[in-house]
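Student: Encoded as structure tokens, here's the structure I'll be asking about.
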2 protein chains.
Amino acid sequence: MEHITNSMRRRLLATAGGAVAWAGLGGAAWADSQEPASKSNPGPVSAQKPLPAYADWKDADALIVHSANTIETRRAAVGTGGITPLDKLFIRNNVSPPPASIMQDPGAWVLEVSGVAKPRSFTLAELKTLGLVSVAMVLQCSGNGRAYFPHKPSGTQWTTGAAGCVVFTGVPLKAVLEAVGGAQAQAKFITGTGGEAIPAGIDANTVAVERSVPLSVLDDALLAWEINGEPLPLAHGGPLRLVVPGYTGVNSVKYIKKLAFTEEMSPARIQQSSYRYSPVGAASSPEHEVVWAMPPKSWITQPSEGSKPIQPGRVMVTGVALGGTSAPAKVEVSLDGGKKWHEAAFVGPDLGKYAWRTFALIAELSAGEYELVSRVTNAAGETQPEERLENNRGYNNNSWRDHGLVVQVA
Amino acid sequence: MEHITNSMRRRLLATAGGAVAWAGLGGAAWADSQEPASKSNPGPVSAQKPLPAYADWKDADALIVHSANTIETRRAAVGTGGITPLDKLFIRNNVSPPPASIMQDPGAWVLEVSGVAKPRSFTLAELKTLGLVSVAMVLQCSGNGRAYFPHKPSGTQWTTGAAGCVVFTGVPLKAVLEAVGGAQAQAKFITGTGGEAIPAGIDANTVAVERSVPLSVLDDALLAWEINGEPLPLAHGGPLRLVVPGYTGVNSVKYIKKLAFTEEMSPARIQQSSYRYSPVGAASSPEHEVVWAMPPKSWITQPSEGSKPIQPGRVMVTGVALGGTSAPAKVEVSLDGGKKWHEAAFVGPDLGKYAWRTFALIAELSAGEYELVSRVTNAAGETQPEERLENNRGYNNNSWRDHGLVVQVA
């Protein structure tokens, strides 16, 4: 729960009493609204680390730099257009990215495919002739929302911003598999290996970014070379990234060099012990469930920490809602911490089940303190829970209460 | 028709004979593919004018700078993700934009609304509490494709790139109209006036950017402050722009200061004589039809002028197709200048009827010359015509033949 303290001023109008009224579109009272933080209208930005060189083209005002490999989007910097602009999109690298030189000739990038009838390698230029697909989807770090776990898990203290909704374009994984005669009969997993260099003398399994996902993702997975209509930059896994819609970001392997259809999961530490749900206080190990699919989740983006002071009157409450592996179907907003819920409206086109949707609710707010929370229900009927799923490393926090905001209207 | 001459080399494989074969997704022959021009992989860029200061954040490699107020996206720079990145989006200003200072406090921008039951002005901050809508739509200059008219109309010689597909977010015009008690009974038009300064001593009607559109656009029009999830920049009409989906760009008035529900069209020259369909050789005047709605149109983006040489084998042919005011429903591609047509596949999510869709077709090409053309049919059954609608100023060229490309495979 975050608290926002705003200055005490009334400019446009004062409302009587302490009641909260909900207005339709046709009302006639106005509140001074919120501007998103942006280059042209920055919110309060605290001194912070500079952007790393490979991401120096990003919008620093919209981001919180935790480290060179962990950069978060500010809650208030999320727009209402549905797609997250690339310069505001979070970054999470498990190890430092390969050198920028791998982007010099993207078409020459080589992917090795094994565990199939006819193992072979493809250049990216060759992959581009196999098929073309675009998917709008939420890209979210497994640890997003970790900061709200009370036991303070180790790892980056992400709040809401290790997530964005982007359009990936590439070749359907199915088309690649067809071109190599199909997977070996024993295959149960799709295992991708990233192109990060392994320092000499180090056991590859301890640092390699190699992840396995169930073969069942085959229908929707792709190998992507474009994001939001731009060639995929190094910062987001270019020149080529395995993309697994509906799964947390770590499963979408960056700079992918090897794609294998395997009977077993990768022996790499990132698969065997990291990214597992272990009980609080217990180190994770192969016996614990793997962090794969994302659960339904939503949070409010405005009014937020970048907001101007909120005067009594009409306030536009906005946020984003993802359904996980099933489309977001309904979003409710509460102003009183979950006592009373109001159905919000979806804004903009439906970009498919893996995308998030912006939601909006017009509130008529008098002076007072409000606890703003939201909860989504997906098409499969799963509702975002009040409580987080407790786990040692703080993965996949989707508690609506944790993601709430306390705001003052005065 | 543009010609591409590629170097004569074969690298991956040679095919026998001169026949053209069309392959499905599962084929097994490969061609060296095309890379889009980009910062990391630039195409052949000729020396050109620099970007103007208000647009210096754009990707110069992706653009053709005709003048400070007319900047075109290169055909090959259009990605396949559906939405045009802001840094590659074309710019067309009828007069120079207002000073950048109007972006310092977007929330304080004032819009005057008249021709309604209760005329009043709104700050942008107030507008933001009235409602929220996003629309994915093609933004296209009326003169896009002018360069292909044989009579050489005056004006910017746009080829394919005075167009993009973007997501605008703002308040539905309907919600604004409701808040002022509805339009006056006589209203037939929605008339928007831009915030450009009119130099002293000049008749405003000769230079004012003031356009009228039929009241019938009310259901889908909006007042936008966001584009592609970013605060609307000055270059694209920020802080506030009237947006009329399905209509050519000039009808979406930038830096809008006045919104009027009027009985008559604006007396401004830009409404009365410019942007009218007059016969070739005849000056346009109020008797000629106004340039409003866009007709269905498509063109091929790859392979294109930024392409690497095309070797025989599989080639991915891609392009974009808009339906105008009705959704694109079908796209056909021809390799022989329209003798034989092949249905292409749509790529990515359907973003609504006003958006364009990427289309793709995998071609198996042997050595030779090909005339690549595409034509779209919209949901209303209108098919993109072979011939342009001849008109003096070269508006709304949607001839499929004009937009074709001749490519050499060798």
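Residue numbering restarts at 1 in every chain; chains get A, B, ... in the order shown in the structure tokens, and ligands count up from 1 in that same order.
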Can you build me a table of segment 234-315 of chain B residues sitting at most 9 Å from segment 192-211 of chain B, with the closest atom pair per residue and its distance in Å to one decimal, using only C-alpha atoms, sorted by chain and residue number, as a tab-separated table?
Tutor:
residue	atom	partner	partner_atom	distance
B:Gly237	CA	B:Gly194	CA	8.9
B:Arg241	CA	B:Gly194	CA	8.5
B:Leu242	CA	B:Gly192	CA	7.2
B:Val250	CA	B:Arg211	CA	7.6
B:Asn251	CA	B:Arg211	CA	6.0
B:Ser252	CA	B:Arg211	CA	8.2
B:Val253	CA	B:Gly194	CA	5.9
B:Lys254	CA	B:Gly194	CA	5.6
B:Tyr255	CA	B:Gly195	CA	5.0
B:Ile256	CA	B:Gly194	CA	4.4
B:Lys257	CA	B:Gly195	CA	5.4
B:Lys258	CA	B:Thr193	CA	5.0
B:Leu259	CA	B:Gly192	CA	4.7
B:Ala260	CA	B:Gly192	CA	6.4
B:Phe261	CA	B:Gly192	CA	8.9
B:Met265	CA	B:Arg211	CA	7.6
B:Ser266	CA	B:Arg211	CA	6.2
B:Pro267	CA	B:Asn205	CA	6.5
B:Ala268	CA	B:Asn205	CA	4.2
B:Arg269	CA	B:Thr206	CA	5.3
B:Ile270	CA	B:Val209	CA	6.6
B:Gln271	CA	B:Arg211	CA	5.7
Student: Mind checking which residues fall within 12 Å of Pro239 of chain B, counting only C-alpha atoms, ignoring those fewer than 4 positions away in the same chain, and posting them as a PyMOL selection string?
Tutor: (chain A and resi 35+40-41) or (chain B and resi 97-111+123-125+127+169-170+194-195+223-227+230-235+253-257)
Student: If we count only C-alpha atoms, what is near Glu343 of chain B at a cut-off of 12 Å, once residues fewer than 4 positions away on the same chain are taken out, given as a VMD selection string?
Tutor: chain B and resid 22 24 317 329 to 335 359 to 363 373 to 377
Student: Give me the least-squares superposed chain B (reference chain A; all C-alpha atoms paired in order) as a short mmCIF file (atom, residue, chain, number, x, y, z; two decimals) with C-alpha atoms, in the first residue's frame.
Tutor:
data_model
loop_
_atom_site.label_atom_id
_atom_site.label_comp_id
_atom_site.auth_asym_id
_atom_site.auth_seq_id
_atom_site.Cartn_x
_atom_site.Cartn_y
_atom_site.Cartn_z
CA MET B 1 0.01 0.03 0.00
CA GLU B 2 1.41 3.42 -1.00
CA HIS B 3 0.44 6.71 0.56
CA ILE B 4 0.17 9.95 -1.34
CA THR B 5 0.10 13.23 0.48
CA ASN B 6 -1.11 16.17 -1.49
CA SER B 7 -1.13 19.84 -0.68
CA MET B 8 -4.29 21.25 0.83
CA ARG B 9 -5.88 23.40 -1.79
CA ARG B 10 -9.17 23.69 -3.50
CA ARG B 11 -9.31 25.39 -6.79
CA LEU B 12 -12.23 24.50 -8.90
CA LEU B 13 -15.00 23.73 -6.53
CA ALA B 14 -15.77 22.48 -3.10
CA THR B 15 -18.26 19.72 -2.47
CA ALA B 16 -20.42 19.51 0.60
CA GLY B 17 -20.26 16.75 3.15
CA GLY B 18 -18.13 13.63 3.28
CA ALA B 19 -20.14 11.38 1.01
CA VAL B 20 -18.64 9.73 -2.02
CA ALA B 21 -20.77 9.94 -5.13
CA TRP B 22 -20.20 7.99 -8.31
CA ALA B 23 -20.97 9.83 -11.51
CA GLY B 24 -21.69 8.70 -15.04
CA LEU B 25 -20.20 10.36 -18.08
CA GLY B 26 -22.66 13.21 -18.22
CA GLY B 27 -22.01 14.93 -14.89
CA ALA B 28 -21.19 18.57 -14.51
CA ALA B 29 -18.65 18.98 -11.71
CA TRP B 30 -14.93 19.07 -12.39
CA ALA B 31 -11.75 18.33 -10.53
CA ASP B 32 -8.25 19.33 -11.47
CA SER B 33 -6.97 16.18 -13.04
CA GLN B 34 -3.72 14.31 -13.12
CA GLU B 35 -0.97 14.54 -15.66
CA PRO B 36 1.19 11.51 -16.26
CA ALA B 37 4.86 11.97 -15.50
CA SER B 38 6.68 12.51 -18.77
CA LYS B 39 9.58 14.35 -20.30
CA SER B 40 7.37 17.34 -21.00
CA ASN B 41 5.67 17.24 -17.61
CA PRO B 42 7.83 15.38 -15.11
CA GLY B 43 6.49 14.13 -11.81
CA PRO B 44 8.53 14.38 -8.63
CA VAL B 45 11.66 12.43 -9.51
CA SER B 46 14.16 11.61 -6.82
CA ALA B 47 17.88 11.46 -7.47
CA GLN B 48 18.67 8.03 -8.85
CA LYS B 49 21.23 5.94 -10.65
CA PRO B 50 21.80 6.73 -14.32
CA LEU B 51 20.53 4.46 -17.10
CA PRO B 52 23.08 1.89 -18.28
CA ALA B 53 24.61 2.43 -21.74
CA TYR B 54 22.57 -0.30 -23.43
CA ALA B 55 19.37 1.42 -22.30
CA ASP B 56 20.42 5.07 -22.49
CA TRP B 57 17.69 5.73 -25.06
CA LYS B 58 15.00 5.14 -22.41
CA ASP B 59 12.91 7.87 -20.77
CA ALA B 60 14.72 8.26 -17.43
CA ASP B 61 11.88 10.32 -15.93
CA ALA B 62 9.49 7.40 -16.40
CA LEU B 63 11.78 4.84 -14.79
CA ILE B 64 13.24 3.75 -11.47
CA VAL B 65 16.76 2.41 -11.93
CA HIS B 66 17.30 -0.29 -9.29
CA SER B 67 20.52 -1.45 -10.98
CA ALA B 68 22.00 -1.67 -14.47
CA ASN B 69 20.01 -4.86 -15.03
CA THR B 70 16.81 -3.99 -13.16
CA ILE B 71 14.85 -0.93 -14.25
CA GLU B 72 11.21 -0.35 -13.35
CA THR B 73 8.45 1.77 -14.92
CA ARG B 74 6.98 4.32 -12.51
CA ARG B 75 3.37 3.58 -11.65
CA ALA B 76 2.23 6.98 -12.87
CA ALA B 77 4.16 6.73 -16.15
CA VAL B 78 1.87 4.01 -17.52
CA GLY B 79 -0.33 5.60 -20.15
CA THR B 80 -3.92 4.73 -20.94
CA GLY B 81 -3.40 3.68 -24.55
CA GLY B 82 -2.91 -0.02 -23.82
CA ILE B 83 0.57 -0.50 -25.29
CA THR B 84 3.59 0.50 -23.20
CA PRO B 85 5.96 2.73 -25.17
CA LEU B 86 9.39 1.12 -25.53
CA ASP B 87 11.16 4.01 -23.87
CA LYS B 88 9.09 3.47 -20.71
CA LEU B 89 9.22 -0.34 -20.66
CA PHE B 90 10.96 -2.04 -17.71
CA ILE B 91 14.17 -4.04 -18.08
CA ARG B 92 15.22 -7.14 -16.21
CA ASN B 93 18.34 -9.06 -17.20
CA ASN B 94 19.42 -12.07 -15.16
CA VAL B 95 23.02 -11.48 -16.14
CA SER B 96 24.54 -8.59 -18.08
CA PRO B 97 23.48 -8.50 -21.73
CA PRO B 98 25.85 -9.55 -24.54
CA PRO B 99 27.88 -6.82 -26.25
CA ALA B 100 26.02 -4.41 -28.56
CA SER B 101 27.99 -5.85 -31.47
CA ILE B 102 25.48 -8.73 -31.70
CA MET B 103 23.04 -6.18 -33.13
CA GLN B 104 25.27 -5.17 -36.04
CA ASP B 105 23.92 -7.76 -38.45
CA PRO B 106 20.67 -9.13 -36.99
CA GLY B 107 19.94 -11.23 -40.06
CA ALA B 108 23.12 -13.24 -39.49
CA TRP B 109 22.19 -14.25 -35.91
CA VAL B 110 22.16 -18.05 -35.70
CA LEU B 111 19.69 -20.21 -33.79
CA GLU B 112 20.41 -23.90 -33.28
CA VAL B 113 17.37 -26.16 -33.12
CA SER B 114 17.63 -29.64 -31.60
CA GLY B 115 15.46 -32.39 -30.17
CA VAL B 116 13.61 -32.50 -33.47
CA ALA B 117 13.39 -34.84 -36.48
CA LYS B 118 15.88 -32.82 -38.53
CA PRO B 119 18.14 -30.78 -36.24
CA ARG B 120 19.65 -27.75 -37.94
CA SER B 121 20.49 -24.13 -37.47
CA PHE B 122 18.73 -21.12 -38.93
CA THR B 123 19.88 -17.60 -39.49
CA LEU B 124 17.41 -14.95 -38.40
CA ALA B 125 17.07 -14.04 -42.09
CA GLU B 126 15.93 -17.59 -42.74
CA LEU B 127 13.50 -17.57 -39.82
CA LYS B 128 11.88 -14.50 -41.34
CA THR B 129 10.71 -16.53 -44.34
CA LEU B 130 8.95 -19.20 -42.26
CA GLY B 131 5.96 -17.27 -41.04
CA LEU B 132 4.85 -14.06 -39.39
CA VAL B 133 2.76 -13.45 -36.29
CA SER B 134 2.18 -10.58 -33.87
CA VAL B 135 0.91 -10.90 -30.33
CA ALA B 136 -0.01 -8.15 -27.90
CA MET B 137 0.91 -9.36 -24.43
CA VAL B 138 1.91 -8.50 -20.93
CA LEU B 139 5.60 -8.86 -20.27
CA GLN B 140 6.05 -9.07 -16.52
CA CYS B 141 8.95 -10.02 -14.31
CA SER B 142 8.24 -12.95 -11.96
CA GLY B 143 9.23 -10.72 -9.04
CA ASN B 144 6.95 -7.79 -9.85
CA GLY B 145 5.23 -6.76 -6.61
CA ARG B 146 7.99 -8.28 -4.46
CA ALA B 147 8.32 -5.06 -2.49
CA TYR B 148 4.93 -5.70 -0.92
CA PHE B 149 5.85 -9.03 0.70
CA PRO B 150 6.17 -8.41 4.44
CA HIS B 151 9.04 -10.88 4.91
CA LYS B 152 11.29 -8.76 2.63
CA PRO B 153 12.43 -11.39 0.11
CA SER B 154 15.87 -10.90 -1.38
CA GLY B 155 15.96 -9.62 -4.94
CA THR B 156 14.91 -6.42 -6.65
CA GLN B 157 12.20 -4.58 -4.73
CA TRP B 158 9.82 -4.17 -7.66
CA THR B 159 6.54 -2.43 -6.92
CA THR B 160 4.12 -2.34 -9.90
CA GLY B 161 6.46 -1.44 -12.73
CA ALA B 162 8.27 -4.61 -13.76
CA ALA B 163 5.49 -5.05 -16.29
CA GLY B 164 4.31 -3.64 -19.57
CA CYS B 165 2.07 -4.55 -22.48
CA VAL B 166 3.86 -4.82 -25.81
CA VAL B 167 3.42 -6.19 -29.32
CA PHE B 168 5.98 -8.84 -30.22
CA THR B 169 6.33 -9.88 -33.86
CA GLY B 170 8.17 -12.88 -35.20
CA VAL B 171 7.73 -16.39 -36.47
CA PRO B 172 5.31 -18.80 -34.79
CA LEU B 173 7.30 -21.48 -32.98
CA LYS B 174 5.00 -23.99 -34.62
CA ALA B 175 6.18 -22.95 -38.07
CA VAL B 176 9.79 -23.46 -37.04
CA LEU B 177 9.00 -26.87 -35.62
CA GLU B 178 7.20 -27.85 -38.83
CA ALA B 179 10.24 -26.87 -40.84
CA VAL B 180 12.40 -29.32 -38.86
CA GLY B 181 9.98 -32.21 -39.07
CA GLY B 182 8.45 -31.96 -35.61
CA ALA B 183 9.70 -32.61 -32.07
CA GLN B 184 11.23 -35.86 -30.90
CA ALA B 185 8.62 -38.21 -29.43
CA GLN B 186 9.88 -37.89 -25.86
CA ALA B 187 9.79 -34.09 -25.83
CA LYS B 188 7.91 -32.58 -22.90
CA PHE B 189 9.58 -29.18 -22.70
CA ILE B 190 10.76 -26.35 -24.89
CA THR B 191 14.17 -25.28 -23.61
CA GLY B 192 15.72 -22.00 -24.68
CA THR B 193 19.30 -20.90 -24.07
CA GLY B 194 20.34 -17.26 -24.06
CA GLY B 195 23.37 -15.88 -25.86
CA GLU B 196 25.08 -14.39 -22.82
CA ALA B 197 28.76 -15.25 -22.61
CA ILE B 198 29.71 -17.72 -19.86
CA PRO B 199 33.03 -16.66 -18.29
CA ALA B 200 35.77 -19.26 -18.59
CA GLY B 201 36.15 -21.58 -15.59
CA ILE B 202 32.60 -21.13 -14.40
CA ASP B 203 30.07 -23.98 -14.40
CA ALA B 204 27.61 -22.91 -17.08
CA ASN B 205 24.68 -24.26 -15.12
CA THR B 206 25.24 -21.74 -12.36
CA VAL B 207 24.90 -18.68 -14.62
CA ALA B 208 23.38 -19.73 -17.95
CA VAL B 209 20.00 -18.23 -18.73
CA GLU B 210 18.39 -21.44 -19.88
CA ARG B 211 14.71 -22.01 -19.20
CA SER B 212 12.26 -24.77 -19.96
CA VAL B 213 8.55 -24.33 -20.51
CA PRO B 214 5.94 -27.05 -21.08
CA LEU B 215 5.45 -28.15 -24.67
CA SER B 216 1.84 -27.03 -24.33
CA VAL B 217 2.85 -23.40 -24.95
CA LEU B 218 3.75 -24.32 -28.53
CA ASP B 219 0.56 -22.98 -30.08
CA ASP B 220 1.11 -19.42 -28.89
CA ALA B 221 4.89 -19.06 -28.52
CA LEU B 222 7.03 -17.26 -31.07
CA LEU B 223 10.58 -16.26 -31.88
CA ALA B 224 10.45 -12.46 -32.03
CA TRP B 225 12.62 -9.91 -33.80
CA GLU B 226 10.32 -6.91 -33.48
CA ILE B 227 8.68 -5.16 -30.52
CA ASN B 228 6.09 -2.40 -30.88
CA GLY B 229 6.93 -2.12 -34.57
CA GLU B 230 10.66 -1.56 -33.94
CA PRO B 231 13.49 -4.02 -34.51
CA LEU B 232 13.93 -5.75 -31.12
CA PRO B 233 16.67 -3.84 -29.29
CA LEU B 234 19.42 -5.47 -27.24
CA ALA B 235 17.80 -4.20 -24.02
CA HIS B 236 14.77 -6.39 -24.69
CA GLY B 237 16.51 -9.47 -26.03
CA GLY B 238 17.36 -8.57 -29.63
CA PRO B 239 18.18 -9.67 -32.18
CA LEU B 240 16.00 -12.71 -31.36
CA ARG B 241 13.92 -13.63 -28.32
CA LEU B 242 11.81 -16.61 -27.42
CA VAL B 243 8.42 -15.23 -26.39
CA VAL B 244 5.97 -17.23 -24.27
CA PRO B 245 2.71 -15.29 -23.90
CA GLY B 246 1.00 -15.62 -20.52
CA TYR B 247 4.22 -16.67 -18.75
CA THR B 248 6.48 -14.48 -16.63
CA GLY B 249 9.34 -12.70 -18.39
CA VAL B 250 12.15 -15.06 -17.39
CA ASN B 251 10.54 -17.75 -19.54
CA SER B 252 10.93 -15.59 -22.65
CA VAL B 253 14.64 -16.16 -23.21
CA LYS B 254 16.57 -13.19 -24.61
CA TYR B 255 19.28 -13.38 -27.34
CA ILE B 256 18.20 -16.96 -27.89
CA LYS B 257 20.96 -19.13 -29.38
CA LYS B 258 19.60 -22.62 -28.78
CA LEU B 259 16.09 -23.99 -28.92
CA ALA B 260 15.68 -27.60 -27.82
CA PHE B 261 12.67 -29.87 -27.54
CA THR B 262 13.64 -31.82 -24.45
CA GLU B 263 12.41 -34.66 -22.28
CA GLU B 264 13.74 -33.03 -19.11
CA MET B 265 13.86 -29.48 -17.85
CA SER B 266 17.12 -27.61 -18.12
CA PRO B 267 19.71 -28.51 -15.44
CA ALA B 268 20.55 -24.79 -15.09
CA ARG B 269 20.20 -23.26 -11.66
CA ILE B 270 17.74 -20.68 -13.05
CA GLN B 271 15.42 -23.61 -13.80
CA GLN B 272 16.18 -26.05 -11.00
CA SER B 273 16.26 -23.85 -7.94
CA SER B 274 15.61 -20.22 -8.84
CA TYR B 275 12.12 -19.21 -9.92
CA ARG B 276 10.36 -21.80 -7.76
CA TYR B 277 7.61 -21.28 -5.20
CA SER B 278 9.14 -22.38 -1.90
CA PRO B 279 7.65 -21.64 1.53
CA VAL B 280 8.82 -18.49 3.28
CA GLY B 281 12.17 -19.19 4.90
CA ALA B 282 12.87 -22.28 2.80
CA ALA B 283 15.43 -22.27 -0.01
CA SER B 284 13.84 -23.34 -3.28
CA SER B 285 14.74 -26.62 -4.95
CA PRO B 286 13.49 -28.91 -7.73
CA GLU B 287 10.68 -30.21 -5.52
CA HIS B 288 8.96 -26.80 -5.59
CA GLU B 289 6.61 -25.65 -8.31
CA VAL B 290 8.15 -23.70 -11.22
CA VAL B 291 7.22 -20.07 -11.84
CA TRP B 292 5.59 -20.21 -15.26
CA ALA B 293 2.09 -18.80 -15.92
CA MET B 294 0.99 -15.42 -14.59
CA PRO B 295 -2.14 -15.14 -12.47
CA PRO B 296 -4.78 -12.41 -13.07
CA LYS B 297 -3.70 -9.04 -11.68
CA SER B 298 -4.61 -5.37 -11.84
CA TRP B 299 -3.50 -2.13 -10.27
CA ILE B 300 -4.40 1.51 -10.34
CA THR B 301 -2.09 3.86 -12.25
CA GLN B 302 -3.87 7.19 -11.73
CA PRO B 303 -4.25 9.02 -9.41
CA SER B 304 -0.79 8.01 -8.29
CA GLU B 305 2.54 9.19 -6.97
CA GLY B 306 3.15 11.41 -9.99
CA SER B 307 -0.23 13.08 -9.65
CA LYS B 308 -0.96 16.69 -9.02
CA PRO B 309 -2.88 17.37 -5.79
CA ILE B 310 -6.39 15.99 -5.95
CA GLN B 311 -9.18 18.47 -5.33
CA PRO B 312 -12.69 17.42 -4.46
CA GLY B 313 -14.85 16.76 -7.51
CA ARG B 314 -14.68 14.38 -10.43
CA VAL B 315 -11.59 12.21 -10.57
CA MET B 316 -10.72 9.78 -13.32
CA VAL B 317 -9.39 6.58 -11.77
CA THR B 318 -7.44 4.46 -14.27
CA GLY B 319 -5.41 1.30 -14.17
CA VAL B 320 -4.35 -1.79 -16.05
CA ALA B 321 -5.68 -5.34 -15.77
CA LEU B 322 -4.26 -8.57 -17.10
CA GLY B 323 -5.98 -11.91 -17.08
CA GLY B 324 -2.89 -14.11 -17.07
CA THR B 325 -3.53 -16.93 -19.53
CA SER B 326 -7.22 -16.03 -19.92
CA ALA B 327 -8.59 -12.66 -21.05
CA PRO B 328 -9.42 -9.99 -18.49
CA ALA B 329 -13.22 -9.98 -18.35
CA LYS B 330 -14.20 -7.59 -15.56
CA VAL B 331 -12.51 -5.06 -13.32
CA GLU B 332 -13.89 -3.65 -10.11
CA VAL B 333 -12.56 -0.66 -8.22
CA SER B 334 -13.04 0.11 -4.55
CA LEU B 335 -12.42 3.45 -2.90
CA ASP B 336 -12.66 2.16 0.62
CA GLY B 337 -10.14 -0.64 0.65
CA GLY B 338 -12.48 -3.31 -0.60
CA LYS B 339 -15.69 -2.72 1.37
CA LYS B 340 -17.70 -1.58 -1.63
CA TRP B 341 -16.85 -2.37 -5.26
CA HIS B 342 -17.75 -0.50 -8.47
CA GLU B 343 -17.41 -2.01 -11.93
CA ALA B 344 -14.94 -0.08 -14.10
CA ALA B 345 -15.11 0.31 -17.88
CA PHE B 346 -12.53 -1.13 -20.25
CA VAL B 347 -10.90 1.50 -22.47
CA GLY B 348 -9.73 0.93 -26.03
CA PRO B 349 -9.56 -2.11 -28.29
CA ASP B 350 -9.32 -5.67 -27.00
CA LEU B 351 -5.81 -6.72 -28.04
CA GLY B 352 -6.27 -10.39 -27.23
CA LYS B 353 -6.22 -12.53 -24.13
CA TYR B 354 -2.57 -12.04 -23.28
CA ALA B 355 -2.71 -8.23 -23.36
CA TRP B 356 -3.68 -6.04 -20.48
CA ARG B 357 -6.56 -3.61 -20.74
CA THR B 358 -6.77 -0.13 -19.42
CA PHE B 359 -9.76 0.38 -17.13
CA ALA B 360 -11.38 3.61 -16.01
CA LEU B 361 -13.92 4.76 -13.46
CA ILE B 362 -15.13 8.31 -12.91
CA ALA B 363 -15.39 9.06 -9.20
CA GLU B 364 -17.02 12.06 -7.53
CA LEU B 365 -14.79 12.57 -4.51
CA SER B 366 -15.30 14.90 -1.59
CA ALA B 367 -12.53 15.78 0.84
CA GLY B 368 -11.12 12.84 2.72
CA GLU B 369 -8.85 9.84 2.53
CA TYR B 370 -9.48 7.01 0.10
CA GLU B 371 -7.99 3.56 -0.19
CA LEU B 372 -8.07 2.79 -3.91
CA VAL B 373 -7.85 -0.85 -4.91
CA SER B 374 -8.81 -2.82 -8.01
CA ARG B 375 -9.42 -6.46 -8.79
CA VAL B 376 -9.77 -8.24 -12.11
CA THR B 377 -11.70 -11.38 -12.99
CA ASN B 378 -10.60 -13.25 -16.09
CA ALA B 379 -12.70 -15.11 -18.65
CA ALA B 380 -11.92 -18.39 -16.90
CA GLY B 381 -13.64 -17.00 -13.79
CA GLU B 382 -10.50 -16.52 -11.69
CA THR B 383 -10.61 -13.39 -9.56
CA GLN B 384 -7.52 -11.54 -8.35
CA PRO B 385 -7.24 -12.44 -4.65
CA GLU B 386 -7.03 -10.13 -1.67
CA GLU B 387 -3.97 -11.94 -0.32
CA ARG B 388 -0.69 -12.74 -2.00
CA LEU B 389 0.51 -16.32 -2.40
CA GLU B 390 3.28 -16.34 0.21
CA ASN B 391 6.56 -17.67 -1.12
CA ASN B 392 10.16 -17.25 -0.13
CA ARG B 393 11.47 -15.29 -3.10
CA GLY B 394 8.39 -13.15 -3.56
CA TYR B 395 7.13 -14.29 -6.96
CA ASN B 396 3.89 -13.39 -8.74
CA ASN B 397 2.34 -11.14 -6.13
CA ASN B 398 -1.18 -10.41 -7.35
CA SER B 399 -2.82 -9.38 -4.07
CA TRP B 400 -5.24 -6.55 -4.76
CA ARG B 401 -4.72 -5.20 -1.27
CA ASP B 402 -0.94 -5.02 -1.64
CA HIS B 403 -1.27 -3.00 -4.84
CA GLY B 404 -3.68 -0.43 -3.42
CA LEU B 405 -3.05 3.28 -2.92
CA VAL B 406 -4.13 5.63 -0.16
CA VAL B 407 -4.93 9.09 -1.53
CA GLN B 408 -5.94 12.32 0.13
CA VAL B 409 -8.53 14.57 -1.45
CA ALA B 410 -8.41 18.05 0.00
#
Student: Based on DSSP run over this structure's backbone, return all residues of segment 195-396 of chain B in strand (DSSP E or B), as JSON, numbers by chain.
Tutor: {"B": [210, 211, 212, 213, 214, 222, 223, 224, 225, 226, 227, 230, 231, 241, 242, 243, 247, 256, 257, 258, 259, 260, 261, 262, 276, 277, 289, 290, 293, 297, 298, 299, 300, 301, 302, 310, 313, 314, 315, 316, 317, 318, 319, 320, 321, 322, 328, 329, 330, 331, 332, 333, 334, 336, 342, 343, 345, 346, 347, 357, 358, 359, 360, 361, 362, 363, 364, 365, 368, 369, 370, 371, 372, 373, 374, 375, 376, 377, 378, 383]}
